[in-house]
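> This is the structure I want to talk about, given as structure tokens.
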Amino acid sequence: MLLVVRMLVRIPSIILLNNLNERAMRAIVSILLIVSFLPYTSAAQASDSVQWASEARVSSAYDSRGPHSPDQLLGKPSFTAQLGSVSPCAWVAHEKAEFDTTTHGGPVDVLIQLRYDTPVHAQQVAVFEQANAGAITKVVVKGDTYVDTVLSREVSLHPEPWNILHVFFNRTPEPVHTVELILRPGALRGPNSIDACALSTDTIPVVDPVNEIHYASGPPTAVHLSGRINSAADELMPRISADGQTMYFCRIEDPDNIGQRKLSDIWVSKKEATGFWSQAEQLSPPLNNEYSNFVCSTSPDGNHVMLANTYNLNGTIGPGLSTSSFVDGTWSFPEKLVVRDYANAGTSVDYFKAADGNTLLMSIELPTAHGGNDIYVSFLQDDGTFSRPQSLGTDINTAGKEMTMFLASDGRTLFFSSDGHNGYGGQDIFMSRRLDDSWTRWSEPINLGPAVNDRGFNGHFTIPATGDVAYFTSSERGTRGKSDIFKIDLPDELKPQPVHLIVGKVVADNNQTLPESVRVEYETLSNGKRIGSISVDRTSGAFTIAVPGGEQYGIHVNATGFVSVHESVDFTSQDTRVSDTLVMHLKPLEAGTVVRLNNIFFNTAESELLPTSFSELNRVVELLQLNQNMVIAIVGHTDNRGSDVDNRALSLARAKSVYQYLLEQGIPAKQLKYDGVGSEQPVATNATPQGMAKNRRVEFTIEKR
């Protein structure tokens, strides 16, 4: 005897974020159709008792990939449609023949064959009918030799907007690995779709499996920001600065916005000494104009912002993205940021430049997309452009829309919103962590749960470098207007790897003015891997870099006409969160200039170079290769501990090690000299450990330019 159980579950809404199209911008926060929800329960069956299909074949004539294709039958349910609509993350029976009752004399049966990785003694099949449910007439389970029809019925005369069809049966005497669904979609009015199908060894009904985070200390509480930030207009796109003191966001249709259409302007608020946010102020042109304007990300030092759209001198905008710098108290005219082979077929966009300055995330719609907006990554090239967009892969991207992404400063923890992963509403916020350097392997996205997500639009998650709080946008959570900004204290489960700040200042020797283009690059000394670069404010020379802890970093400054200077910061101890201020001296590229090699390392009283020295020395190699007439003299120095004879011998041996390394990299001997002077030329007192450390050094002097 068969037992069939039907359950009506929640139907989320779809919401669209746009930036270029006025009509689309006005639809960012739409009126959502609200239906009754079943409360989510995690009291489902144990995960090892349920399998989701890994292969799918459909007897329909088409077998394409992408939205509505048989691929959408694979894996867990996506659950993304409003009542009466069809999700792109579900298979849809839309062949003409399936509805043409005149040509074929009646509705045509469709066969869906689903394969599962592990043969099991099953007791349940659960079919997630996504829209217009009721067309299934037969369910068959199969093994290598075993076949059993576990459901046989007529098409439902009263189709439901959504249904989980549970079919229970006696435990199969042999393992089964295939489920066949026979349905007659043409017998029902409108399209019929199926999201997923589970095969279970248990009799506990398979329910909608939201991969929801579980907070050990209880879920966080979402706090609505005050009227100084939230208003009767839509507040979207919060972007918090690395120091947590400045918040940029956009307001849509605010009466004070520029232009007749009042589309989207950038507003800013700063945290006061009391801890409260100041009254938000509207940014002036050129960042705001009559079109859609919003900040996508800020640099760690707060002196640079990345903006959606390109800005034209005549006041219009175009597709793409731009950057602006804060110079002499004002924001510069936005300059176009070039992404190779950039395209966007849709009206929705979002961008985010990571703290390393080298990594750009984009939510755009390309012809190669899985469906709707997908998230892509591009990397900074030597010519200042970004590489061709690369998809983050199917761990992140679905046939729905993935957008509003934020990559934490650890470079691995990604927050994004999606209507294609299982959740509570139109767009929910998810977290995933990057598993390797391919950028296509990610942990299964985790829904942040009802403490953050609700039945409306949720997105734009953003975290300061401290990692203690987060801000996000919600359209339903007791808002003052249509969409407001909220704050939560960040639980441990959501925290990225601890972020540390390198604070520094670039100065030019002899009080020279800094050149126009000064960049600070940084790398991990353990492997010499470059992990980021930022431009430096020419007026102040100040910079701030956010990096993960647990590493020793090399920092170097590059500027035309100057020798690259280097320092190191040790964050192997997680207790040190902010570096002492580094003063980076630019040395002119001329005869007589003395350059200290700060990032070369030896064991105590030894002269063999440690591998962490190679990155520094490779830049000396590059300098000499670019200046083949240059001659440098390498000189080793020690503190005053030990005898003069021993100190001179050690300093000479260390200088020789540098000399030999440069020779091995192909630098001609005619460009090199070396010597060791022991403790004869101190640059600081030998009475303190700090002074002695400064005296232990290897330098080179440019003898010929």
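Just remember, in the structure tokens the first chain shown is A, the second B, etc., residues are 1-based per chain, and ligands are 1-based in the order shown.
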List the neighbours of A:His421 out to 9 Å using only C-alpha atoms; skip same-chain residues closer than 6 positions along the sequence, and give me the result as JSON, numbers by chain.
{"A": [76, 77, 78, 79, 80, 89, 210, 211, 396, 397, 398, 400, 428, 430, 445, 447]}
> Just the selected residues (C-alpha atoms), exported as an mmCIF file, in the first residue's frame, please.

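Contents of the output file result_4.cif:
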```cif
data_model
loop_
_atom_site.group_PDB
_atom_site.id
_atom_site.type_symbol
_atom_site.label_atom_id
_atom_site.label_comp_id
_atom_site.auth_asym_id
_atom_site.auth_seq_id
_atom_site.Cartn_x
_atom_site.Cartn_y
_atom_site.Cartn_z
ATOM 1 C CA LYS A 76 19.180 19.985 -3.744
ATOM 2 C CA PRO A 77 16.107 22.166 -4.346
ATOM 3 C CA SER A 78 16.639 25.829 -5.103
ATOM 4 C CA PHE A 79 13.201 27.098 -4.148
ATOM 5 C CA THR A 80 13.177 30.504 -5.778
ATOM 6 C CA CYS A 89 16.506 26.845 -11.176
ATOM 7 C CA VAL A 210 18.034 25.013 3.707
ATOM 8 C CA ASN A 211 21.775 24.816 4.369
ATOM 9 C CA ILE A 396 28.451 29.734 -6.218
ATOM 10 C CA ASN A 397 26.583 30.470 -9.450
ATOM 11 C CA THR A 398 23.152 29.060 -10.267
ATOM 12 C CA GLY A 400 19.160 32.338 -10.665
ATOM 13 C CA ASP A 428 19.049 35.796 0.711
ATOM 14 C CA PHE A 430 24.988 33.433 1.910
ATOM 15 C CA PRO A 445 27.097 28.280 0.473
ATOM 16 C CA ASN A 447 22.368 30.647 4.385
#
```
> Have a look at A:Val179, A:Ile634, A:Val120, A:Ala546 and name the one nearest to A:Ser241; count only C-alpha atoms.
A:Ala546
> Which residues come within 12 Å of stretch 503-509 of chain A, counting only C-alpha atoms, excluding same-chain residues fewer than 2 positions away, as a ChimeraX atom specification?
/A:243,300-301,500-501,511-515,517-520,535-547,555-559,561-569,577-589,593-595
> So how far away is atom CA of A:Leu283 from atom CA of A:Thr323, in Å?
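Straight-line distance from atom CA of A:Thr323 to atom CA of A:Leu283 works out to 15.0 Å.
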> For the structure I just gave you, how does DSSP split stretch 356-534 of chain A - specifically, which residues are strand (DSSP E or B)? Reply as JSON, numbers by chain.
{"A": [359, 360, 361, 362, 363, 364, 374, 375, 376, 377, 378, 379, 380, 386, 390, 391, 402, 403, 404, 405, 406, 407, 413, 414, 415, 416, 417, 418, 427, 428, 429, 430, 431, 432, 433, 434, 442, 446, 447, 457, 458, 459, 460, 461, 462, 469, 470, 471, 472, 473, 474, 484, 485, 486, 487, 488, 489, 499, 500, 501, 502, 503, 504, 505, 506, 507, 508, 518, 519, 520, 521, 522, 523, 524, 529, 530, 531, 532, 533, 534]}
> Go ahead and save the residues from that selection, with C-alpha atoms, as a compact mmCIF listing (two decimals), in the first residue's frame.

```txt
# COMPACT_ATOMS: atom_id res chain seq x y z
CA THR A 359 41.08 41.15 -7.34
CA LEU A 360 37.85 42.38 -8.90
CA LEU A 361 34.51 40.63 -8.46
CA MET A 362 31.64 41.36 -10.83
CA SER A 363 27.99 40.35 -10.89
CA ILE A 364 27.09 40.54 -14.56
CA ASP A 374 26.66 35.24 -12.15
CA ILE A 375 29.67 36.28 -10.10
CA TYR A 376 32.98 36.54 -11.96
CA VAL A 377 36.54 37.37 -10.90
CA SER A 378 39.21 39.35 -12.74
CA PHE A 379 42.81 40.06 -11.79
CA LEU A 380 44.96 43.16 -12.17
CA PHE A 386 41.86 43.66 -15.34
CA GLN A 390 36.31 34.13 -14.94
CA SER A 391 33.22 32.49 -13.43
CA GLU A 402 23.99 35.90 -7.69
CA MET A 403 24.91 39.45 -6.73
CA THR A 404 25.86 41.97 -3.96
CA MET A 405 29.14 40.20 -3.18
CA PHE A 406 31.69 41.12 -0.52
CA LEU A 407 35.09 39.42 -0.29
CA THR A 413 35.50 34.45 2.80
CA LEU A 414 32.77 35.48 0.37
CA PHE A 415 29.36 36.90 1.25
CA PHE A 416 26.81 37.27 -1.53
CA SER A 417 23.08 37.32 -2.18
CA SER A 418 21.23 34.81 -4.33
CA GLN A 427 17.35 37.27 -2.34
CA ASP A 428 19.05 35.80 0.71
CA ILE A 429 22.59 36.39 1.98
CA PHE A 430 24.99 33.43 1.91
CA MET A 431 28.57 32.79 2.96
CA SER A 432 31.13 30.53 1.28
CA ARG A 433 34.88 30.07 1.66
CA ARG A 434 37.34 29.63 -1.19
CA TRP A 442 34.11 26.90 -2.84
CA ILE A 446 25.57 28.68 3.92
CA ASN A 447 22.37 30.65 4.38
CA PHE A 457 15.37 41.30 -0.52
CA ASN A 458 18.50 40.91 1.62
CA GLY A 459 21.97 41.78 0.43
CA HIS A 460 24.97 44.13 0.40
CA PHE A 461 26.72 42.48 3.36
CA THR A 462 29.81 44.51 4.36
CA VAL A 469 30.21 43.93 13.07
CA ALA A 470 28.46 43.69 9.71
CA TYR A 471 25.98 45.87 7.84
CA PHE A 472 23.42 44.77 5.27
CA THR A 473 20.25 45.82 3.46
CA SER A 474 16.76 44.42 4.00
CA ASP A 484 16.90 50.09 4.96
CA ILE A 485 20.34 49.34 6.40
CA PHE A 486 20.80 47.09 9.43
CA LYS A 487 23.70 46.08 11.65
CA ILE A 488 24.56 42.86 13.47
CA ASP A 489 27.37 41.95 15.82
CA VAL A 499 42.59 40.97 9.47
CA HIS A 500 45.62 43.04 10.37
CA LEU A 501 46.47 46.57 9.23
CA ILE A 502 49.79 47.78 7.88
CA VAL A 503 49.98 51.53 8.34
CA GLY A 504 52.65 53.54 6.59
CA LYS A 505 53.78 56.76 5.00
CA VAL A 506 55.91 57.37 1.91
CA VAL A 507 58.34 60.29 1.97
CA ALA A 508 60.88 61.41 -0.59
CA VAL A 518 53.47 55.97 -6.29
CA ARG A 519 52.37 52.41 -5.62
CA VAL A 520 52.84 50.25 -2.56
CA GLU A 521 53.06 46.52 -3.24
CA TYR A 522 53.08 43.77 -0.64
CA GLU A 523 53.84 40.08 -0.59
CA THR A 524 54.18 37.12 1.74
CA LYS A 529 53.88 35.71 -3.61
CA ARG A 530 52.61 39.17 -4.46
CA ILE A 531 49.20 39.58 -2.86
CA GLY A 532 48.28 43.19 -3.45
CA SER A 533 49.09 46.74 -4.47
CA ILE A 534 47.58 50.15 -3.78
```
> From the list A:Val658, A:Lys704, A:Lys694, A:Leu490, which residue is nearest A:Thr221 when using only C-alpha atoms?
A:Leu490
> Skip A:Thr149 itself and residues of its chain fewer than 4 positions away, then list as a PyMOL selection string all residues within 10 Å of it, counting only C-alpha atoms.
chain A and resi 138-142+169+179-180
> Output C-alpha atoms for every residue in that selection, as a short mmCIF file (atom, residue, chain, number, x, y, z; two decimals), in the first residue's frame.

```
data_model
loop_
_atom_site.label_atom_id
_atom_site.label_comp_id
_atom_site.auth_asym_id
_atom_site.auth_seq_id
_atom_site.Cartn_x
_atom_site.Cartn_y
_atom_site.Cartn_z
CA LYS A 138 3.97 7.29 -12.13
CA VAL A 139 7.11 6.88 -10.02
CA VAL A 140 9.43 3.90 -10.60
CA VAL A 141 12.57 2.89 -8.69
CA LYS A 142 15.22 0.73 -10.33
CA PHE A 169 6.99 2.28 0.14
CA VAL A 179 14.18 6.98 -10.15
CA GLU A 180 11.92 7.41 -13.15
#
```
> If we count only C-alpha atoms, what is near stretch 365-368 of chain A at a cut-off of 6 Å, once residues fewer than 4 positions away on the same chain are taken out, given as a list in words?
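Surrounding residues, per the criterion: Asn344, Ala345, Gly346, Gly372 and Asn373 of chain A.
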> Please provide the set of residues having any atom within 12 Å of A:Gln660, restricted to only C-alpha atoms, with same-chain residues fewer than 3 positions apart removed, written as a VMD selection string.
chain A and resid 607 to 609 617 621 634 653 to 657 663 to 669 672 to 674
> Pick out the closest residue to A:Ser69 from this set: A:Ala90, A:Val206, A:Val110, A:Ala53. Count only C-alpha atoms.
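Counting only C-alpha atoms, the residue closest to A:Ser69 is A:Ala90.
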> Which residue out of A:Glu476, A:Asp570, A:Asp410, A:Glu493 has the minimum interatomic distance to A:Gly218 when only C-alpha atoms are used?
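Comparing A:Glu476, A:Asp570, A:Asp410, A:Glu493 against A:Gly218, the winner is A:Glu493.
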> Can you tell me which residues surround A:Val268 at a distance of at most 8 Å, considering only C-alpha atoms, apart from same-chain residues fewer than 3 positions away, and format the answer as number ranges by chain?
A: 246-249, 280-283
> Using atom CA of A:Ala122 and atom CA of A:Leu183 as the two end points, give the distance in Å to one decimal.
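Interatomic distance, atom CA of A:Ala122 to atom CA of A:Leu183: 21.5 Å.
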> Using only C-alpha atoms, find the one residue out of A:Ser299, A:Gln381, A:Ser284, A:Ser292 that sits nearest to A:Thr330.
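Among A:Ser299, A:Gln381, A:Ser284, A:Ser292, it is A:Ser284 that comes nearest to A:Thr330.
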> As an exercise, work out the distance from atom CA of A:Val58 to atom CA of A:Leu111 in Å and give it to one decimal place.
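The value is 5.7 Å.
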